[in-house]
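All remarks here apply to the structure that follows.
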Amino acid sequence: MVEISALNGSTILITGATGLIGSELVETLLTATDCEVYATCRQQDTAQQRFQHILPHPRLHLLTYDVTQPLTANTHFDYIIHAASPASPASFSQYPVEVMMANILGVRHLLDYGQRHQMKRMLFISSGEIYGEGDGTPFQEHDSGYIDSLSPRACYPSSKRAAETLCAAYVAEKNVDVVIARLCHTYGPGFTEKDNRVYAQFLRNVLRGEDIVMKSAGRQMRSWIYVQDAVDAILTLLLKGEKGEAYNVADAQSCITIRSLAEKIAALADRQVIIDIPQDATQGNTTPISCATFATKKIEALGWKPRYTIDEGLRQTLQRLQNQG
């Protein structure tokens with residue numbers, strides 16, 4: 001694994017700091033380095049609540065900031081990690097414009113700020129959804145599958161694609177240093193109350209002592225990764241990734257169906273999975289992609305590999321949630 005003590009003495013800005021990945025990044029950097037960490041969130045009270053267990057912390061600075069607006073601070077950040085983006089299916093349905101602007105304008109504003117303040121590097125957290133629909137084989141970084149650009153649901157993968165191209169444009173035209181992390185489906189205990197992704201719904205069910213009721217057969221195949229492994233990968237790319245390149249972040253051994261995920265979570269809490277498909281069931285806000293698994297040789301060549309299997313990661317997640325409760 002990368003030695004993140006190389007970041008000691010740095011000043012790091014993390015957008016989307018109260019989300020699943022952003023909050024884990026904040027806590028990892030505060031624990032394992034002596035960095036000054038600037039954590040942004042659109043609502044100050046949300047940030048205060050999320051980090052109440054470590055506040056006040058001398059190296060944690062909370063900033064209220066909306067990435068769709070220019071950043072008006074006057075702080076030199078050595079590194080910027082852009083993790084601010086709605087990733088919940090409900091957001092794709094209710095706020096598709098805001099989803100697109102957070103990705104596209106967010107990249108623009110942060111790169112402009114970083115260029116003005118002599119930033120060393122920005123890492124953009126993208127998504128494996130940029131690959132669209134493939135043929136079922138693991139996606140490699142040069143692949144590109146079909147996305148229906150006229151579907152409002154495409155607000156997320158299409159804006160992530162556009163934001164990646166904007167990163168590449170800044171590298172080519174303005175010589176800004178950017179690296180891209182394409183994350184697969186990431187799970188862990190730090191999801192918010194508004195997060196309605198399937199793993200969060202399943203965990204809420206068993207924590208309430210309920211069985212998991214699925215409204216579909218759950219046949220979609222996905223790559224999964226535990227949030228701490230995702231954070232380790234992001235920091236590896238921040239320090240060792242090649243300028244202008246994109247890297248898949250996934251656990252190649254944790255490719256399972258949605259139903260299998262539900263069964264694993266239910267088994268940990270001694271609950272059951274019940275399939276109850278309504279007659280008028282539609283795909284709703286879920287992705288139409290049937291299989292999304294990722295090749296990981298490119299990031300593994302940098303020395304990274306996941307530490308947690310899907311079973312270990314889910315067990316850790318449930319234990320941490322139960323301890324919080």
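Identifiers in the structure tokens: chain A, B, ... in order shown; residue index from 1 per chain; ligand index from 1 in order shown.
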
As a CSV table (one decimal) with N, CA, C and O atoms, in the first residue's frame, please: the residues near stretch 76-84 of chain A (cut-off 6 Å, only C-alpha atoms, same-chain neighbours under 4 positions excluded).
chain,number,residue,atom,x,y,z
A,10,SER,N,1.2,18.7,4.1
A,10,SER,CA,0.4,19.3,3.0
A,10,SER,C,-0.9,19.9,3.6
A,10,SER,O,-1.4,19.6,4.7
A,11,THR,N,-1.5,20.7,2.7
A,11,THR,CA,-2.9,21.2,2.9
A,11,THR,C,-3.8,20.7,1.9
A,11,THR,O,-3.5,20.8,0.7
A,12,ILE,N,-4.8,20.0,2.3
A,12,ILE,CA,-5.7,19.2,1.4
A,12,ILE,C,-7.1,19.7,1.5
A,12,ILE,O,-7.7,19.8,2.6
A,13,LEU,N,-7.7,20.0,0.4
A,13,LEU,CA,-9.2,20.3,0.3
A,13,LEU,C,-9.9,19.1,-0.2
A,13,LEU,O,-9.6,18.5,-1.2
A,14,ILE,N,-11.0,18.8,0.6
A,14,ILE,CA,-11.9,17.7,0.2
A,14,ILE,C,-13.3,18.2,0.0
A,14,ILE,O,-13.9,18.7,1.0
A,15,THR,N,-13.8,18.1,-1.2
A,15,THR,CA,-15.2,18.5,-1.4
A,15,THR,C,-16.1,17.3,-1.1
A,15,THR,O,-15.7,16.2,-1.2
A,16,GLY,N,-17.4,17.6,-0.8
A,16,GLY,CA,-18.3,16.5,-0.5
A,16,GLY,C,-17.8,15.7,0.7
A,16,GLY,O,-17.9,14.5,0.8
A,117,HIS,N,-3.6,29.0,-7.6
A,117,HIS,CA,-2.9,28.9,-6.3
A,117,HIS,C,-1.9,27.9,-6.3
A,117,HIS,O,-1.5,27.3,-5.3
A,119,MET,N,-1.6,24.7,-7.2
A,119,MET,CA,-1.9,23.4,-6.7
A,119,MET,C,-1.0,22.3,-7.3
A,119,MET,O,-0.6,22.4,-8.4
A,120,LYS,N,-0.6,21.3,-6.5
A,120,LYS,CA,0.2,20.3,-7.0
A,120,LYS,C,-0.6,19.3,-7.9
A,120,LYS,O,-0.1,18.9,-8.9
A,121,ARG,N,-1.8,18.9,-7.4
A,121,ARG,CA,-2.6,18.0,-8.1
A,121,ARG,C,-4.0,18.0,-7.6
A,121,ARG,O,-4.3,18.2,-6.4
A,122,MET,N,-4.9,17.7,-8.5
A,122,MET,CA,-6.3,17.5,-8.2
A,122,MET,C,-6.7,16.0,-8.5
A,122,MET,O,-6.3,15.5,-9.6
A,123,LEU,N,-7.4,15.4,-7.7
A,123,LEU,CA,-8.0,14.1,-7.9
A,123,LEU,C,-9.5,14.2,-8.1
A,123,LEU,O,-10.2,14.7,-7.2
A,124,PHE,N,-10.0,13.8,-9.2
A,124,PHE,CA,-11.5,13.8,-9.5
A,124,PHE,C,-12.0,12.4,-9.3
A,124,PHE,O,-11.6,11.5,-9.9
A,125,ILE,N,-13.0,12.3,-8.4
A,125,ILE,CA,-13.7,11.0,-8.1
A,125,ILE,C,-14.8,10.9,-9.1
A,125,ILE,O,-15.9,11.5,-9.0

Which of stretch 138-190 of chain A fall in helix (DSSP H, G or I), as a VMD selection string: chain A and resid 152 to 174

Selection: 9 Å around stretch 94-110 of chain A, only C-alpha atoms, excl. self and same-chain fewer than 2 positions, as a VMD selection string: chain A and resid 66 to 71 80 82 84 to 87 89 to 92 112 to 115 122 124 126 152 to 156 158 to 160 162 to 164 166 to 167 170

Spatial neighbours of A:Tyr199, max dist 8 Å, only C-alpha atoms, sep filter under 5 positions, as a list in words: Tyr187, Leu261 and Ala262 of chain A

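With only C-alpha atoms as the basis for measurement, A:Ala250 is the residue among A:Ala250, A:Ala32, A:Leu237, A:Leu203 that approaches A:Thr186 most closely.
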
Point-to-point distance in Å for atom CA of A:Val227 and atom CA of A:Ile265: 16.0 Å

Within 10 Å of A:Gly218 using only C-alpha atoms, minus same-chain residues under 3 positions, as a PyMOL selection string: chain A and resi 214-215+221+257-262+275+290

Residues near A:Thr18, cut-off 9 Å, only C-alpha atoms, skip fewer than 4 positions along chain, as a PyMOL selection string: chain A and resi 22-24+26+39-41+46-47+50-51+190-192

Hey, can you spit out that residue selection with N, CA and C atoms as a PDB file, in the first residue's frame?
ATOM      1  N   GLY A  22     -16.009  10.952   1.155  1.00  0.00           N
ATOM      2  CA  GLY A  22     -15.368  12.155   1.664  1.00  0.00           C
ATOM      3  C   GLY A  22     -15.101  12.098   3.147  1.00  0.00           C
ATOM      4  N   SER A  23     -16.065  11.629   3.925  1.00  0.00           N
ATOM      5  CA  SER A  23     -15.889  11.587   5.376  1.00  0.00           C
ATOM      6  C   SER A  23     -14.821  10.579   5.776  1.00  0.00           C
ATOM      7  N   GLU A  24     -14.749   9.454   5.068  1.00  0.00           N
ATOM      8  CA  GLU A  24     -13.705   8.472   5.363  1.00  0.00           C
ATOM      9  C   GLU A  24     -12.326   9.023   5.001  1.00  0.00           C
ATOM     10  N   VAL A  26     -11.478  12.229   5.128  1.00  0.00           N
ATOM     11  CA  VAL A  26     -11.156  13.205   6.170  1.00  0.00           C
ATOM     12  C   VAL A  26     -10.573  12.508   7.389  1.00  0.00           C
ATOM     13  N   ALA A  39     -12.439  20.632   4.851  1.00  0.00           N
ATOM     14  CA  ALA A  39     -13.563  19.780   4.460  1.00  0.00           C
ATOM     15  C   ALA A  39     -14.764  20.645   4.112  1.00  0.00           C
ATOM     16  N   THR A  40     -15.279  20.494   2.888  1.00  0.00           N
ATOM     17  CA  THR A  40     -16.398  21.333   2.473  1.00  0.00           C
ATOM     18  C   THR A  40     -17.718  20.576   2.493  1.00  0.00           C
ATOM     19  N   CYS A  41     -18.762  21.331   2.769  1.00  0.00           N
ATOM     20  CA  CYS A  41     -20.130  20.819   2.756  1.00  0.00           C
ATOM     21  C   CYS A  41     -21.045  21.992   2.491  1.00  0.00           C
ATOM     22  N   THR A  46     -24.625  20.245   8.884  1.00  0.00           N
ATOM     23  CA  THR A  46     -24.410  18.853   8.473  1.00  0.00           C
ATOM     24  C   THR A  46     -22.990  18.426   8.774  1.00  0.00           C
ATOM     25  N   ALA A  47     -22.043  19.290   8.450  1.00  0.00           N
ATOM     26  CA  ALA A  47     -20.635  18.982   8.723  1.00  0.00           C
ATOM     27  C   ALA A  47     -20.375  18.897  10.223  1.00  0.00           C
ATOM     28  N   ARG A  50     -21.714  15.549  11.352  1.00  0.00           N
ATOM     29  CA  ARG A  50     -20.961  14.390  10.859  1.00  0.00           C
ATOM     30  C   ARG A  50     -19.641  14.228  11.606  1.00  0.00           C
ATOM     31  N   PHE A  51     -18.983  15.329  11.937  1.00  0.00           N
ATOM     32  CA  PHE A  51     -17.668  15.245  12.561  1.00  0.00           C
ATOM     33  C   PHE A  51     -17.683  15.631  14.039  1.00  0.00           C
ATOM     34  N   GLY A 190     -20.657   4.990   6.516  1.00  0.00           N
ATOM     35  CA  GLY A 190     -20.810   6.442   6.565  1.00  0.00           C
ATOM     36  C   GLY A 190     -21.841   7.025   5.632  1.00  0.00           C
ATOM     37  N   PHE A 191     -22.810   6.234   5.173  1.00  0.00           N
ATOM     38  CA  PHE A 191     -23.831   6.785   4.280  1.00  0.00           C
ATOM     39  C   PHE A 191     -24.786   7.692   5.051  1.00  0.00           C
ATOM     40  N   THR A 192     -25.391   8.624   4.345  1.00  0.00           N
ATOM     41  CA  THR A 192     -26.281   9.593   4.982  1.00  0.00           C
ATOM     42  C   THR A 192     -27.711   9.067   5.028  1.00  0.00           C
TER      43      THR A 192
END

Residue nearest A:His61 among A:Asp195, A:Asp177, A:Glu36, A:Asp45 (counting only C-alpha atoms): A:Glu36
